[in-house]
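A.B. asks: You'll find upload-v8.cif just under this line, and it carries mmCIF, C-alpha atoms.
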data_structure
loop_
_atom_site.group_PDB
_atom_site.id
_atom_site.type_symbol
_atom_site.label_atom_id
_atom_site.label_comp_id
_atom_site.auth_asym_id
_atom_site.auth_seq_id
_atom_site.Cartn_x
_atom_site.Cartn_y
_atom_site.Cartn_z
ATOM 1 C CA MET A 1 -0.718 19.534 73.483
ATOM 2 C CA ARG A 2 -3.670 19.001 75.778
ATOM 3 C CA LEU A 3 -1.550 18.976 78.929
ATOM 4 C CA LEU A 4 0.438 22.066 77.979
ATOM 5 C CA VAL A 5 -2.741 23.998 77.275
ATOM 6 C CA SER A 6 -5.033 22.712 80.011
ATOM 7 C CA ASP A 7 -2.549 22.707 82.905
ATOM 8 C CA HIS A 8 -1.449 26.322 82.231
ATOM 9 C CA PRO A 9 2.251 25.910 83.102
ATOM 10 C CA PHE A 10 3.019 29.497 81.992
ATOM 11 C CA VAL A 11 1.437 32.817 82.839
ATOM 12 C CA ASP A 12 0.939 33.528 79.134
ATOM 13 C CA GLY A 13 1.540 31.726 75.862
ATOM 14 C CA ASN A 14 0.348 28.234 76.758
ATOM 15 C CA LYS A 15 -1.549 27.688 73.495
ATOM 16 C CA ARG A 16 1.251 29.052 71.310
ATOM 17 C CA THR A 17 3.835 26.976 73.167
ATOM 18 C CA ALA A 18 1.727 23.844 72.862
ATOM 19 C CA LEU A 19 1.212 24.364 69.135
ATOM 20 C CA ARG A 20 4.910 24.966 68.488
ATOM 21 C CA THR A 21 5.789 21.903 70.583
ATOM 22 C CA VAL A 22 3.488 19.765 68.437
ATOM 23 C CA VAL A 23 4.981 21.176 65.229
ATOM 24 C CA VAL A 24 8.522 20.396 66.441
ATOM 25 C CA PHE A 25 7.452 16.907 67.539
ATOM 26 C CA TYR A 26 6.144 16.203 64.051
ATOM 27 C CA ILE A 27 9.313 17.600 62.434
ATOM 28 C CA LEU A 28 11.500 15.395 64.620
ATOM 29 C CA ASN A 29 9.459 12.412 63.458
ATOM 30 C CA ARG A 30 9.802 13.399 59.782
ATOM 31 C CA TYR A 31 6.328 14.837 59.354
ATOM 32 C CA THR A 32 4.991 18.257 58.538
ATOM 33 C CA PHE A 33 2.057 19.480 60.593
ATOM 34 C CA GLU A 34 -0.031 21.645 58.255
ATOM 35 C CA TYR A 35 -2.852 23.014 60.374
ATOM 36 C CA GLY A 36 -5.620 25.452 59.551
ATOM 37 C CA ASP A 37 -7.720 27.930 61.487
ATOM 38 C CA GLU A 38 -9.581 25.057 63.181
ATOM 39 C CA ILE A 39 -6.596 24.555 65.485
ATOM 40 C CA ARG A 40 -7.437 27.780 67.320
ATOM 41 C CA ALA A 41 -10.841 26.434 68.318
ATOM 42 C CA LEU A 42 -9.296 23.164 69.463
ATOM 43 C CA LEU A 43 -6.659 24.967 71.535
ATOM 44 C CA HIS A 44 -9.317 27.195 73.082
ATOM 45 C CA ARG A 45 -11.423 24.173 74.022
ATOM 46 C CA PHE A 46 -8.391 22.490 75.593
ATOM 47 C CA ALA A 47 -7.776 25.649 77.634
ATOM 48 C CA THR A 48 -11.336 26.276 78.780
ATOM 49 C CA GLY A 49 -12.943 22.861 79.032
ATOM 50 C CA GLU A 50 -10.707 19.994 78.038
ATOM 51 C CA THR A 51 -13.407 17.437 78.878
ATOM 52 C CA THR A 52 -15.547 18.824 76.052
ATOM 53 C CA VAL A 53 -12.962 17.818 73.444
ATOM 54 C CA ASP A 54 -13.819 14.620 71.623
ATOM 55 C CA VAL A 55 -10.500 12.751 71.550
ATOM 56 C CA ASP A 56 -11.420 10.677 68.491
ATOM 57 C CA THR A 57 -12.235 13.803 66.504
ATOM 58 C CA ALA A 58 -8.988 15.454 67.631
ATOM 59 C CA VAL A 59 -7.001 12.397 66.521
ATOM 60 C CA ILE A 60 -8.689 12.473 63.111
ATOM 61 C CA TYR A 61 -7.843 16.178 62.797
ATOM 62 C CA PHE A 62 -4.188 15.628 63.753
ATOM 63 C CA ARG A 63 -3.851 12.757 61.304
ATOM 64 C CA ALA A 64 -5.340 14.920 58.549
ATOM 65 C CA CYS A 65 -2.791 17.656 59.291
ATOM 66 C CA ALA A 66 0.214 15.300 59.235
ATOM 67 C CA ARG A 67 2.207 14.946 56.046
ATOM 68 C CA ARG A 68 5.082 12.489 55.768
ATOM 69 C CA ASN A 69 8.337 14.083 54.567
#
Could you take the file, read its structure, and then write that structure out as C-alpha cells?
C.D. replies:
Amino acid sequence: MRLLVSDHPFVDGNKRTALRTVVVFYILNRYTFEYGDEIRALLHRFATGETTVDVDTAVIYFRACARRN
C-alpha cells in the first residue's frame, strides 16, 4: 500500500488503487479487510509524507481491520 501511494505510479487514483489492492490481497489470503474512515488519513499521510507514518501503528491498524474468513 505504501509504495503504491507514495511512489505515485498513476496520474490519478493512487490511493484508491492501493486500497483496493490491499482488500484483494486480504481476500486472496482468506481474510476480510474491514476498514473505517481512519484509512483515509493513513492513505493521505502515505501520499504526502510517508516518513511521518509510524509503521508499528499502521501494522496494529491493519491487524485490527483483518478478519479471518
A.B. asks: Could you give me, as a compact mmCIF listing (two decimals) with C-alpha atoms, in the coordinates of the input, the residues within 9 Å of region 30-44 of chain A, counting all atoms listed in the file and dropping anything in the same chain fewer than 3 positions from it?
C.D. replies:
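What ended up in out-v6.txt:
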# COMPACT_ATOMS: atom_id res chain seq x y z
CA MET A 1 -0.72 19.53 73.48
CA ARG A 2 -3.67 19.00 75.78
CA VAL A 5 -2.74 24.00 77.28
CA SER A 6 -5.03 22.71 80.01
CA LYS A 15 -1.55 27.69 73.50
CA ARG A 16 1.25 29.05 71.31
CA ALA A 18 1.73 23.84 72.86
CA LEU A 19 1.21 24.36 69.14
CA VAL A 22 3.49 19.76 68.44
CA VAL A 23 4.98 21.18 65.23
CA VAL A 24 8.52 20.40 66.44
CA PHE A 25 7.45 16.91 67.54
CA TYR A 26 6.14 16.20 64.05
CA ILE A 27 9.31 17.60 62.43
CA ALA A 47 -7.78 25.65 77.63
CA THR A 48 -11.34 26.28 78.78
CA GLY A 49 -12.94 22.86 79.03
CA GLU A 50 -10.71 19.99 78.04
CA VAL A 53 -12.96 17.82 73.44
CA ALA A 58 -8.99 15.45 67.63
CA TYR A 61 -7.84 16.18 62.80
CA PHE A 62 -4.19 15.63 63.75
CA ARG A 63 -3.85 12.76 61.30
CA ALA A 64 -5.34 14.92 58.55
CA CYS A 65 -2.79 17.66 59.29
CA ALA A 66 0.21 15.30 59.24
CA ARG A 67 2.21 14.95 56.05
CA ARG A 68 5.08 12.49 55.77
CA ASN A 69 8.34 14.08 54.57
A.B. asks: To one decimal place, how far is CA of Leu3 (chain A) from CA of Asp56 (chain A) in Å?
C.D. replies: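 Computed distance, CA of Leu3 (chain A) to CA of Asp56 (chain A), equals 16.6 Å.
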A.B. asks: When you draw a straight line from CA of Pro9 (chain A) to CA of Thr21 (chain A), how long is it in Å?
C.D. replies: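 Interatomic distance, CA of Pro9 (chain A) to CA of Thr21 (chain A): 13.6 Å.
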A.B. asks: Quick one: distance from CA of His8 (chain A) to CA of Phe46 (chain A) in Å, one decimal?
C.D. replies: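 Separating CA of His8 (chain A) from CA of Phe46 (chain A) is a distance of 10.3 Å.
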